[in-house]
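Participant: Just one file: final_14.pdb, with PDB, C-alpha atoms and all ligand atoms.
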ATOM      1  CA  MET D1050     -90.899-151.024  36.671
ATOM      2  CA  ARG D1051     -91.899-149.335  39.908
ATOM      3  CA  ILE D1052     -89.185-148.249  42.326
ATOM      4  CA  LEU D1053     -90.602-148.188  45.844
ATOM      5  CA  GLU D1054     -88.425-146.360  48.320
ATOM      6  CA  SER D1055     -90.295-146.750  51.599
ATOM      7  CA  PRO D1056     -92.385-149.395  53.391
ATOM      8  CA  GLU D1057     -95.438-147.115  52.960
ATOM      9  CA  GLU D1058     -94.977-146.953  49.176
ATOM     10  CA  LEU D1059     -94.542-150.719  49.018
ATOM     11  CA  ILE D1060     -97.672-151.382  51.100
ATOM     12  CA  LEU D1061     -99.742-149.069  48.880
ATOM     13  CA  TRP D1062     -98.386-150.668  45.694
ATOM     14  CA  ARG D1063     -99.095-154.171  47.030
ATOM     15  CA  LYS D1064    -102.667-153.203  47.966
ATOM     16  CA  SER D1065    -103.248-151.790  44.482
ATOM     17  CA  GLN D1066    -102.420-155.144  42.821
ATOM     18  CA  ASN D1067    -104.947-157.887  42.097
ATOM     19  CA  GLN D1068    -104.813-159.932  45.308
ATOM     20  CA  ASP D1069    -105.277-163.219  43.416
ATOM     21  CA  LEU D1070    -101.986-162.857  41.557
ATOM     22  CA  GLU D1071     -98.963-164.924  42.541
ATOM     23  CA  ILE D1072     -96.169-162.668  43.750
ATOM     24  CA  GLY D1073     -92.578-163.861  43.378
ATOM     25  CA  PHE D1074     -90.062-162.242  45.693
ATOM     26  CA  VAL D1075     -86.269-162.136  45.339
ATOM     27  CA  PRO D1076     -84.648-160.473  48.371
ATOM     28  CA  THR D1077     -81.112-159.227  47.691
ATOM     29  CA  MET D1078     -78.415-156.976  49.068
ATOM     30  CA  GLY D1079     -77.741-155.596  45.590
ATOM     31  CA  ALA D1080     -74.468-155.995  43.663
ATOM     32  CA  LEU D1081     -76.564-158.219  41.415
ATOM     33  CA  HIS D1082     -74.785-160.863  39.341
ATOM     34  CA  ALA D1083     -75.795-163.760  37.104
ATOM     35  CA  GLY D1084     -76.803-165.795  40.183
ATOM     36  CA  HIS D1085     -79.423-163.167  41.103
ATOM     37  CA  GLU D1086     -80.485-162.904  37.462
ATOM     38  CA  SER D1087     -81.268-166.616  37.450
ATOM     39  CA  LEU D1088     -83.340-166.214  40.677
ATOM     40  CA  ILE D1089     -85.268-163.366  39.025
ATOM     41  CA  GLU D1090     -85.784-165.402  35.841
ATOM     42  CA  THR D1091     -87.052-168.379  37.868
ATOM     43  CA  ALA D1092     -89.436-166.049  39.716
ATOM     44  CA  ARG D1093     -90.551-164.610  36.356
ATOM     45  CA  LYS D1094     -91.388-168.114  35.084
ATOM     46  CA  HIS D1095     -93.213-169.246  38.238
ATOM     47  CA  THR D1096     -95.234-166.172  39.232
ATOM     48  CA  ASP D1097     -97.338-163.294  37.852
ATOM     49  CA  LEU D1098     -95.530-160.337  39.439
ATOM     50  CA  VAL D1099     -91.883-160.158  40.483
ATOM     51  CA  VAL D1100     -90.627-158.007  43.345
ATOM     52  CA  VAL D1101     -86.901-157.595  44.047
ATOM     53  CA  SER D1102     -85.647-155.908  47.218
ATOM     54  CA  ILE D1103     -82.236-154.276  47.454
ATOM     55  CA  PHE D1104     -81.106-153.578  50.987
ATOM     56  CA  VAL D1105     -77.642-154.045  52.470
ATOM     57  CA  ASN D1106     -78.668-155.210  55.915
ATOM     58  CA  PRO D1107     -76.123-154.090  58.551
ATOM     59  CA  THR D1108     -77.409-156.431  61.271
ATOM     60  CA  GLN D1109     -76.231-159.513  59.410
ATOM     61  CA  PHE D1110     -72.615-158.307  59.212
ATOM     62  CA  ASN D1111     -70.742-159.148  62.348
ATOM     63  CA  GLN D1112     -67.745-157.059  61.250
ATOM     64  CA  THR D1113     -68.279-153.375  60.421
ATOM     65  CA  SER D1114     -65.372-153.517  57.940
ATOM     66  CA  ASP D1115     -67.135-156.276  55.961
ATOM     67  CA  TYR D1116     -70.337-154.178  55.870
ATOM     68  CA  GLU D1117     -68.434-151.080  54.773
ATOM     69  CA  LYS D1118     -66.693-152.962  51.959
ATOM     70  CA  TYR D1119     -69.925-154.444  50.603
ATOM     71  CA  PRO D1120     -70.209-153.353  46.928
ATOM     72  CA  ILE D1121     -73.025-150.873  46.166
ATOM     73  CA  THR D1122     -74.014-150.844  42.483
ATOM     74  CA  THR D1123     -77.601-149.542  42.578
ATOM     75  CA  ARG D1124     -77.719-148.059  39.075
ATOM     76  CA  ALA D1125     -76.450-151.301  37.468
ATOM     77  CA  ASP D1126     -78.778-153.343  39.720
ATOM     78  CA  LEU D1127     -81.810-151.375  38.532
ATOM     79  CA  ALA D1128     -80.760-151.892  34.905
ATOM     80  CA  ILE D1129     -80.584-155.663  35.530
ATOM     81  CA  CYS D1130     -84.059-155.616  37.118
ATOM     82  CA  GLU D1131     -85.409-153.631  34.184
ATOM     83  CA  LYS D1132     -83.846-156.112  31.742
ATOM     84  CA  HIS D1133     -85.639-159.003  33.472
ATOM     85  CA  ARG D1134     -88.992-157.154  33.504
ATOM     86  CA  VAL D1135     -89.169-156.969  37.288
ATOM     87  CA  ASP D1136     -92.478-155.346  38.295
ATOM     88  CA  ALA D1137     -91.305-153.570  41.434
ATOM     89  CA  VAL D1138     -87.995-152.941  43.175
ATOM     90  CA  PHE D1139     -88.124-152.229  46.884
ATOM     91  CA  LEU D1140     -85.206-149.951  47.708
ATOM     92  CA  PRO D1141     -85.777-148.854  51.287
ATOM     93  CA  LYS D1142     -83.589-146.483  53.233
ATOM     94  CA  PHE D1143     -81.561-147.640  56.163
ATOM     95  CA  LYS D1144     -83.631-145.626  58.668
ATOM     96  CA  ASP D1145     -86.940-147.082  57.474
ATOM     97  CA  MET D1146     -85.906-150.671  58.032
ATOM     98  CA  LEU D1147     -83.365-150.410  60.864
ATOM     99  CA  TYR D1148     -85.317-149.968  62.679
ATOM    100  CA  PRO D1149     -88.413-148.322  63.902
ATOM    101  CA  ASP D1150     -87.830-150.613  66.913
ATOM    102  CA  GLN D1151     -84.021-150.018  67.060
ATOM    103  CA  TYR D1152     -83.597-153.767  66.508
ATOM    104  CA  HIS D1153     -84.970-154.606  69.967
ATOM    105  CA  PHE D1154     -87.270-157.123  68.294
ATOM    106  CA  LYS D1155     -85.484-159.866  66.429
ATOM    107  CA  MET D1156     -85.999-163.341  65.048
ATOM    108  CA  THR D1157     -83.806-165.898  66.766
ATOM    109  CA  GLU D1158     -83.273-169.556  65.995
ATOM    110  CA  ASP D1159     -81.286-171.476  68.567
ATOM    111  CA  SER D1160     -80.063-174.629  66.881
ATOM    112  CA  LEU D1161     -78.971-174.677  63.214
ATOM    113  CA  SER D1162     -78.143-170.957  63.335
ATOM    114  CA  LYS D1163     -75.440-171.624  65.949
ATOM    115  CA  ILE D1164     -73.257-173.953  63.863
ATOM    116  CA  LEU D1165     -71.274-173.528  60.595
ATOM    117  CA  CYS D1166     -71.489-169.832  59.553
ATOM    118  CA  GLY D1167     -73.443-169.049  62.732
ATOM    119  CA  ALA D1168     -70.626-170.286  64.973
ATOM    120  CA  HIS D1169     -68.171-167.915  63.286
ATOM    121  CA  ARG D1170     -70.481-164.943  62.731
ATOM    122  CA  PRO D1171     -72.366-164.365  65.987
ATOM    123  CA  GLY D1172     -75.731-162.706  65.381
ATOM    124  CA  HIS D1173     -75.518-163.165  61.601
ATOM    125  CA  PHE D1174     -78.604-165.345  61.247
ATOM    126  CA  ASP D1175     -80.643-163.263  63.717
ATOM    127  CA  GLY D1176     -79.935-160.360  61.346
ATOM    128  CA  VAL D1177     -80.864-162.385  58.247
ATOM    129  CA  LEU D1178     -84.052-163.880  59.710
ATOM    130  CA  SER D1179     -85.181-160.538  61.173
ATOM    131  CA  ILE D1180     -84.805-158.641  57.898
ATOM    132  CA  VAL D1181     -86.323-161.459  55.821
ATOM    133  CA  MET D1182     -89.331-161.601  58.168
ATOM    134  CA  LYS D1183     -89.795-157.811  57.850
ATOM    135  CA  LEU D1184     -89.514-158.052  54.064
ATOM    136  CA  PHE D1185     -91.958-160.985  53.912
ATOM    137  CA  LEU D1186     -94.509-159.064  55.993
ATOM    138  CA  LEU D1187     -94.212-156.004  53.749
ATOM    139  CA  VAL D1188     -94.096-157.725  50.340
ATOM    140  CA  ARG D1189     -96.524-160.547  51.239
ATOM    141  CA  PRO D1190     -95.185-162.798  48.458
ATOM    142  CA  THR D1191     -96.733-166.135  47.528
ATOM    143  CA  HIS D1192     -93.274-167.453  46.540
ATOM    144  CA  ALA D1193     -89.747-166.441  47.558
ATOM    145  CA  PHE D1194     -86.586-167.499  45.724
ATOM    146  CA  PHE D1195     -83.272-168.259  47.457
ATOM    147  CA  GLY D1196     -79.994-169.643  46.120
ATOM    148  CA  GLU D1197     -78.585-172.925  47.392
ATOM    149  CA  LYS D1198     -75.154-171.316  47.690
ATOM    150  CA  ASP D1199     -76.339-169.958  51.052
ATOM    151  CA  PHE D1200     -77.619-173.373  52.041
ATOM    152  CA  GLN D1201     -77.721-172.740  55.787
ATOM    153  CA  GLN D1202     -79.621-169.479  55.214
ATOM    154  CA  LEU D1203     -82.064-171.239  52.868
ATOM    155  CA  THR D1204     -82.704-174.023  55.405
ATOM    156  CA  LEU D1205     -83.244-171.534  58.243
ATOM    157  CA  ILE D1206     -85.688-169.486  56.162
ATOM    158  CA  GLN D1207     -87.601-172.657  55.253
ATOM    159  CA  GLY D1208     -87.732-173.449  58.990
ATOM    160  CA  MET D1209     -88.930-169.936  59.902
ATOM    161  CA  VAL D1210     -91.715-170.054  57.290
ATOM    162  CA  GLN D1211     -92.885-173.407  58.689
ATOM    163  CA  ALA D1212     -92.608-172.336  62.315
ATOM    164  CA  TYR D1213     -94.656-169.152  61.782
ATOM    165  CA  PHE D1214     -97.196-170.641  59.327
ATOM    166  CA  LEU D1215     -96.250-168.062  56.695
ATOM    167  CA  PRO D1216     -98.205-168.741  53.487
ATOM    168  CA  ILE D1217     -95.084-168.514  51.323
ATOM    169  CA  GLU D1218     -93.529-171.195  49.157
ATOM    170  CA  ILE D1219     -89.754-171.071  49.442
ATOM    171  CA  VAL D1220     -88.217-172.056  46.109
ATOM    172  CA  PRO D1221     -84.580-173.239  46.335
ATOM    173  CA  CYS D1222     -82.532-172.405  43.230
ATOM    174  CA  PRO D1223     -79.274-174.167  42.250
ATOM    175  CA  THR D1224     -75.965-172.363  42.753
ATOM    176  CA  LEU D1225     -74.757-170.588  39.636
ATOM    177  CA  ARG D1226     -71.053-170.965  38.936
ATOM    178  CA  GLU D1227     -68.432-169.105  36.946
ATOM    179  CA  PRO D1228     -66.935-171.214  34.086
ATOM    180  CA  SER D1229     -64.109-172.119  36.515
ATOM    181  CA  GLY D1230     -66.593-173.662  38.969
ATOM    182  CA  LEU D1231     -66.368-170.809  41.494
ATOM    183  CA  ALA D1232     -69.795-170.160  43.049
ATOM    184  CA  MET D1233     -71.116-166.755  41.960
ATOM    185  CA  SER D1234     -71.092-164.229  44.774
ATOM    186  CA  SER D1235     -71.123-160.454  45.139
ATOM    187  CA  ARG D1236     -67.841-160.852  47.030
ATOM    188  CA  ASN D1237     -66.004-162.343  44.009
ATOM    189  CA  VAL D1238     -65.313-158.827  42.659
ATOM    190  CA  ARG D1239     -63.050-158.272  45.674
ATOM    191  CA  LEU D1240     -60.723-161.156  44.686
ATOM    192  CA  THR D1241     -57.591-160.446  42.678
ATOM    193  CA  GLU D1242     -57.922-161.653  39.087
ATOM    194  CA  GLN D1243     -55.389-164.388  39.702
ATOM    195  CA  ASP D1244     -57.116-165.629  42.869
ATOM    196  CA  ARG D1245     -60.497-165.520  41.153
ATOM    197  CA  LEU D1246     -59.330-167.546  38.165
ATOM    198  CA  GLU D1247     -56.814-169.895  39.723
ATOM    199  CA  LEU D1248     -57.212-170.395  43.457
ATOM    200  CA  ALA D1249     -60.850-169.680  44.349
ATOM    201  CA  PRO D1250     -62.184-172.401  41.961
ATOM    202  CA  LYS D1251     -60.189-174.957  44.009
ATOM    203  CA  ILE D1252     -62.886-174.719  46.694
ATOM    204  CA  TYR D1253     -65.519-176.389  44.527
ATOM    205  CA  GLU D1254     -62.992-178.763  42.970
ATOM    206  CA  THR D1255     -61.777-179.882  46.394
ATOM    207  CA  LEU D1256     -65.268-180.175  47.902
ATOM    208  CA  LYS D1257     -66.083-182.662  45.165
ATOM    209  CA  SER D1258     -62.830-184.628  45.096
ATOM    210  CA  ALA D1259     -61.968-184.926  48.815
ATOM    211  CA  THR D1260     -63.054-188.145  50.503
ATOM    212  CA  THR D1261     -63.765-186.367  53.798
ATOM    213  CA  ALA D1262     -64.339-182.808  54.998
ATOM    214  CA  ALA D1263     -61.071-183.057  56.964
ATOM    215  CA  ASN D1264     -59.197-183.940  53.759
ATOM    216  CA  ALA D1265     -60.752-180.964  51.978
ATOM    217  CA  THR D1266     -59.647-178.671  54.826
ATOM    218  CA  GLU D1267     -56.107-180.028  54.618
ATOM    219  CA  THR D1268     -55.874-179.644  50.824
ATOM    220  CA  LEU D1269     -57.204-176.087  50.834
ATOM    221  CA  SER D1270     -55.049-175.033  53.799
ATOM    222  CA  THR D1271     -51.974-176.272  51.945
ATOM    223  CA  LEU D1272     -53.010-174.142  48.957
ATOM    224  CA  GLY D1273     -53.084-171.042  51.187
ATOM    225  CA  PHE D1274     -56.761-170.794  52.179
ATOM    226  CA  ARG D1275     -57.726-170.015  55.766
ATOM    227  CA  VAL D1276     -60.498-172.562  56.203
ATOM    228  CA  GLU D1277     -63.088-171.378  58.723
ATOM    229  CA  TYR D1278     -65.007-174.646  58.627
ATOM    230  CA  CYS D1279     -65.585-177.560  56.310
ATOM    231  CA  GLU D1280     -68.187-179.999  57.627
ATOM    232  CA  ASP D1281     -70.650-182.632  56.446
ATOM    233  CA  HIS D1282     -74.249-182.366  57.714
ATOM    234  CA  ALA D1283     -77.612-183.939  56.972
ATOM    235  CA  PHE D1284     -80.542-181.627  56.181
ATOM    236  CA  PHE D1285     -83.984-183.216  55.775
ATOM    237  CA  GLY D1286     -82.415-186.628  55.070
ATOM    238  CA  LYS D1287     -79.919-185.290  52.524
ATOM    239  CA  ARG D1288     -76.197-184.950  53.208
ATOM    240  CA  ARG D1289     -74.222-181.867  52.243
ATOM    241  CA  ARG D1290     -70.621-180.759  52.581
ATOM    242  CA  LEU D1291     -70.397-177.065  53.477
ATOM    243  CA  ILE D1292     -67.396-174.776  53.628
ATOM    244  CA  ALA D1293     -66.367-171.221  54.455
ATOM    245  CA  ALA D1294     -62.808-170.262  53.583
ATOM    246  CA  TRP D1295     -60.855-167.020  53.393
ATOM    247  CA  LEU D1296     -58.612-166.115  50.497
ATOM    248  CA  GLY D1297     -56.168-163.228  50.163
ATOM    249  CA  SER D1298     -54.385-161.393  52.928
ATOM    250  CA  GLY D1299     -54.842-158.613  55.473
ATOM    251  CA  ALA D1300     -57.605-156.131  54.694
ATOM    252  CA  ASN D1301     -58.061-157.752  51.276
ATOM    253  CA  GLU D1302     -58.945-161.179  52.628
ATOM    254  CA  VAL D1303     -62.270-162.359  51.148
ATOM    255  CA  ARG D1304     -64.629-164.871  52.747
ATOM    256  CA  LEU D1305     -66.082-167.411  50.320
ATOM    257  CA  ILE D1306     -68.739-170.042  51.001
ATOM    258  CA  ASP D1307     -69.906-173.036  49.010
ATOM    259  CA  ASN D1308     -71.553-176.431  49.473
ATOM    260  CA  ILE D1309     -72.274-179.610  47.529
ATOM    261  CA  SER D1310     -74.781-182.430  47.819
ATOM    262  CA  LEU D1311     -73.432-185.763  49.097
ATOM    263  CA  GLY D1312     -76.646-187.635  48.314
ATOM    264  CA  GLU D1313     -79.179-189.297  50.587
ATOM    265  CA  ALA D1314     -78.354-189.721  54.284
ATOM    266  CA  PRO D1315     -77.965-193.411  55.209
TER     267      PRO D1315
HETATM  268  O1  LIG L1401     -78.735-163.652  50.744
HETATM  269  C1  LIG L1401     -78.795-162.417  50.867
HETATM  270  O2  LIG L1401     -78.473-161.661  49.958
HETATM  271  C2  LIG L1401     -79.250-161.824  52.185
HETATM  272  O3  LIG L1401     -78.855-162.612  53.260
HETATM  273  C3  LIG L1401     -80.765-161.558  52.251
HETATM  274  C4  LIG L1401     -81.562-162.843  52.157
HETATM  275  C5  LIG L1401     -81.172-160.627  51.119
HETATM  276  C6  LIG L1401     -81.133-160.872  53.576
HETATM  277  O4  LIG L1401     -80.500-159.646  53.719
END
Could I get this file's structure written as structure tokens?
Facilitator:
Amino acid sequence: MRILESPEELILWRKSQNQDLEIGFVPTMGALHAGHESLIETARKHTDLVVVSIFVNPTQFNQTSDYEKYPITTRADLAICEKHRVDAVFLPKFKDMLYPDQYHFKMTEDSLSKILCGAHRPGHFDGVLSIVMKLFLLVRPTHAFFGEKDFQQLTLIQGMVQAYFLPIEIVPCPTLREPSGLAMSSRNVRLTEQDRLELAPKIYETLKSATTAANATETLSTLGFRVEYCEDHAFFGKRRRLIAAWLGSGANEVRLIDNISLGEAP
């Protein structure tokens, strides 16, 4: 497994590979868990070479405290990549990515990125789309793998690829869940054991059982969640219910997101 620590090293490595091979790309911010492992495994099955990037991207955090608390587990992440026979890990340094241009150039979407998570995290999706575009241009994958847990992110990236004629197939991968139903996330490690086992799984349970998004909000608020939003939307003719809710208190409050399919739009 090659560990590539700068854009220059990555570009050289990419040029040295057979250009006819299919390259599967899994962009991550590290703190890899079973959800990432399933993305890597799917990439392994679909493509000839697998590249994983690990970069905690500050521009997508709208609160410095959230960025600072983001778990960094590089050694364990590399072991996971090794286990899944990843061909190359791109592990750039902050200064190499952010930014030769000081983030004066950015990708902006002005519709879907302004609702749901975007309405509550100003600039978040500009940060995501900008870093993903940079990574796509460096890695030049044929396929890129994204989890459906971040459904709004996935939809925006699909839109960006279409809008800019990028020759990349975006492969959506189903959300992986803990046995309790809680969607796997790098943030779950910040929950207390009790919240992780007892309360946090109520998000998924309630998304499925509530008749409306408003009912889900009410149920979860009564249980002690601070619901940021819970809304139903149609994406490409398919309805989904999406939620962001906070659990815990004070500096230990953790933001969790999830979504479920509601079937075909009428
Ligand atoms: O989903 C993530 O982990 C991040 O938003 C991504 C796509 C790696 C961009 O930093």
Participant: Please give me, as a PyMOL selection string, the residues lying within 7 Å of ligand LIG 1401 (chain L) when counting only C-alpha atoms and all ligand atoms.
Facilitator: chain D and resi 1076-1078+1104-1106+1177+1180-1181+1199
Participant: Run the PyMOL selection byres (((chain D and resi 1235-1237) around 7) and not hetatm) against the file shown and list the residues it catches, as a list in words.
Facilitator: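 After applying the PyMOL selection byres (((chain D and resi 1235-1237) around 7) and not hetatm), what remains is Ala1080, Leu1081, His1082, Ser1234, Val1238, Arg1239, Leu1240 and Arg1245 of chain D.
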Participant: For Gln1202 (chain D), which residue out of D:Phe1214, D:Trp1062, D:Phe1174, D:Tyr1116 is the nearest one, using all atoms listed in the file?
Facilitator: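 Result for the nearest residue to Gln1202 (chain D): D:Phe1174.
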Participant: Translate the PyMOL selection byres (((chain D and resi 1164) around 12) and not hetatm), as applied to the file shown, into an explicit residue set as a PyMOL selection string.
Facilitator: chain D and resi 1158-1163+1165-1174+1201-1202+1205+1277-1282+1291-1293
Participant: Tell me, counting all atoms listed in the file, for each residue of region 1186-1209 of chain D within 7 Å of region 1219-1230 of chain D, which pair of atoms is nearest and how far apart they are in Å to one decimal, in rows ordered by chain and increasing number, as a Markdown table.
Facilitator:
| residue | atom | partner | partner_atom | distance |
| --- | --- | --- | --- | --- |
| D:His1192 | CA | D:Ile1219 | CA | 5.8 |
| D:Ala1193 | CA | D:Ile1219 | CA | 5.0 |
| D:Phe1194 | CA | D:Val1220 | CA | 4.9 |
| D:Phe1195 | CA | D:Pro1221 | CA | 5.3 |
| D:Gly1196 | CA | D:Cys1222 | CA | 4.7 |
| D:Glu1197 | CA | D:Pro1223 | CA | 5.3 |
| D:Lys1198 | CA | D:Thr1224 | CA | 5.1 |
| D:Gln1207 | CA | D:Ile1219 | CA | 6.4 |
Participant: For each of D:Gly1273, D:Met1233, D:Pro1315, D:Thr1268, take the minimum atom-to-atom distance to Gly1084 (chain D), counting all atoms listed in the file, then give the residue where this is smallest.
Facilitator: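 Comparing D:Gly1273, D:Met1233, D:Pro1315, D:Thr1268 against Gly1084 (chain D), the winner is D:Met1233.
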Participant: Just want the 12 Å neighbourhood of Arg1124 (chain D), counted on only C-alpha atoms, with same-chain residues fewer than 3 positions away dropped. Output as a list in words.
Facilitator: Ile1052, Gly1079, Ala1080, Leu1081, Ile1103, Ile1121, Leu1127, Ala1128, Ile1129, Cys1130, Glu1131 and Leu1140 of chain D
Participant: Interatomic distance between CA of Ala1249 (chain D) and CA of Trp1295 (chain D)?
Facilitator: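 The value is 9.4 Å.
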Participant: Name the residues in contact with Ser1310 (chain D) at a cut-off of 10 Å, using all atoms listed in the file, excluding same-chain residues fewer than 4 positions from it; report them as a VMD selection string.
Facilitator: chain D and resid 1256 to 1257 1281 to 1283 1287 to 1291
Participant: Could you please determine the separation between CA of Leu1187 (chain D) and CA of Leu1088 (chain D) in Å, to one decimal place?
Facilitator: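 Interatomic distance here is 19.8 Å.
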Participant: Name the closest residue to Ala1232 (chain D) among the candidates D:Ile1072, D:Ile1306, D:Val1276, D:Ala1294; distances are taken between atoms, counting all atoms listed in the file.
Facilitator: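 Checking each of D:Ile1072, D:Ile1306, D:Val1276, D:Ala1294 against Ala1232 (chain D), counting all atoms listed in the file, the winner is D:Ile1306.
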Participant: Please expand the PyMOL selection byres (((chain D and resi 1053-1055) around 9) and not hetatm) into the concrete residues it hits in this file, giving the result as a list in words.
Facilitator: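 After applying the PyMOL selection byres (((chain D and resi 1053-1055) around 9) and not hetatm), what remains is Arg1051, Ile1052, Pro1056, Glu1057, Glu1058, Leu1059, Ile1060, Trp1062, Ala1137, Val1138, Phe1139, Leu1140, Pro1141, Lys1142, Asp1145 and Met1146 of chain D.
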Participant: Residues as selected, C-alpha atoms, written as a short mmCIF file (atom, residue, chain, number, x, y, z; two decimals), in the coordinates of the input, can you do that?
Facilitator:
data_model
loop_
_atom_site.label_atom_id
_atom_site.label_comp_id
_atom_site.auth_asym_id
_atom_site.auth_seq_id
_atom_site.Cartn_x
_atom_site.Cartn_y
_atom_site.Cartn_z
CA ARG D 1051 -91.90 -149.34 39.91
CA ILE D 1052 -89.18 -148.25 42.33
CA PRO D 1056 -92.38 -149.40 53.39
CA GLU D 1057 -95.44 -147.12 52.96
CA GLU D 1058 -94.98 -146.95 49.18
CA LEU D 1059 -94.54 -150.72 49.02
CA ILE D 1060 -97.67 -151.38 51.10
CA TRP D 1062 -98.39 -150.67 45.69
CA ALA D 1137 -91.30 -153.57 41.43
CA VAL D 1138 -88.00 -152.94 43.18
CA PHE D 1139 -88.12 -152.23 46.88
CA LEU D 1140 -85.21 -149.95 47.71
CA PRO D 1141 -85.78 -148.85 51.29
CA LYS D 1142 -83.59 -146.48 53.23
CA ASP D 1145 -86.94 -147.08 57.47
CA MET D 1146 -85.91 -150.67 58.03
#
Participant: Which of these, D:Thr1096, D:Asn1308, D:Thr1123, D:Ser1298, has the shortest distance to Thr1241 (chain D) once you count all atoms listed in the file?
Facilitator: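 Using all atoms listed in the file, the shortest distance to Thr1241 (chain D) belongs to D:Ser1298.
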Participant: Between CA of Glu1218 (chain D) and CA of Leu1147 (chain D), what distance in Å does the model show, to one decimal?
Facilitator: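 So the answer is 25.9 Å.
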Participant: Taking the partial coordinates given, rebuild region 1159-1172 of chain D to contain N, CA, C and O atoms; return it as a tab-separated table (two decimals), in the coordinates of the input.
Facilitator:
chain	number	residue	atom	x	y	z
D	1159	ASP	N	-82.36	-171.15	67.62
D	1159	ASP	CA	-81.29	-171.48	68.57
D	1159	ASP	C	-80.63	-172.83	68.32
D	1159	ASP	O	-80.06	-173.40	69.24
D	1160	SER	N	-80.71	-173.34	67.11
D	1160	SER	CA	-80.06	-174.63	66.88
D	1160	SER	C	-79.17	-174.55	65.63
D	1160	SER	O	-77.98	-174.26	65.74
D	1161	LEU	N	-79.77	-174.71	64.46
D	1161	LEU	CA	-78.97	-174.68	63.21
D	1161	LEU	C	-78.21	-173.36	63.04
D	1161	LEU	O	-77.11	-173.33	62.49
D	1162	SER	N	-78.79	-172.27	63.55
D	1162	SER	CA	-78.14	-170.96	63.34
D	1162	SER	C	-76.87	-170.80	64.17
D	1162	SER	O	-76.15	-169.81	64.02
D	1163	LYS	N	-76.61	-171.76	65.06
D	1163	LYS	CA	-75.44	-171.62	65.95
D	1163	LYS	C	-74.23	-172.40	65.45
D	1163	LYS	O	-73.16	-172.35	66.06
D	1164	ILE	N	-74.41	-173.19	64.38
D	1164	ILE	CA	-73.26	-173.95	63.86
D	1164	ILE	C	-72.80	-173.35	62.52
D	1164	ILE	O	-73.37	-172.37	62.06
D	1165	LEU	N	-71.79	-173.95	61.91
D	1165	LEU	CA	-71.27	-173.53	60.60
D	1165	LEU	C	-71.07	-172.01	60.57
D	1165	LEU	O	-70.38	-171.47	61.43
D	1166	CYS	N	-71.70	-171.29	59.63
D	1166	CYS	CA	-71.49	-169.83	59.55
D	1166	CYS	C	-71.89	-169.16	60.87
D	1166	CYS	O	-71.25	-168.19	61.29
D	1167	GLY	N	-72.94	-169.67	61.50
D	1167	GLY	CA	-73.44	-169.05	62.73
D	1167	GLY	C	-72.43	-169.10	63.86
D	1167	GLY	O	-72.37	-168.19	64.70
D	1168	ALA	N	-71.61	-170.16	63.89
D	1168	ALA	CA	-70.63	-170.29	64.97
D	1168	ALA	C	-69.52	-169.25	64.81
D	1168	ALA	O	-68.88	-168.83	65.77
D	1169	HIS	N	-69.27	-168.85	63.57
D	1169	HIS	CA	-68.17	-167.92	63.29
D	1169	HIS	C	-68.64	-166.48	63.11
D	1169	HIS	O	-67.83	-165.56	63.09
D	1170	ARG	N	-69.94	-166.29	62.95
D	1170	ARG	CA	-70.48	-164.94	62.73
D	1170	ARG	C	-71.64	-164.73	63.71
D	1170	ARG	O	-72.82	-164.80	63.32
D	1171	PRO	N	-71.30	-164.49	64.99
D	1171	PRO	CA	-72.37	-164.36	65.99
D	1171	PRO	C	-73.39	-163.31	65.59
D	1171	PRO	O	-73.02	-162.21	65.16
D	1172	GLY	N	-74.66	-163.66	65.68
D	1172	GLY	CA	-75.73	-162.71	65.38
D	1172	GLY	C	-76.10	-162.64	63.91
D	1172	GLY	O	-77.10	-162.04	63.55
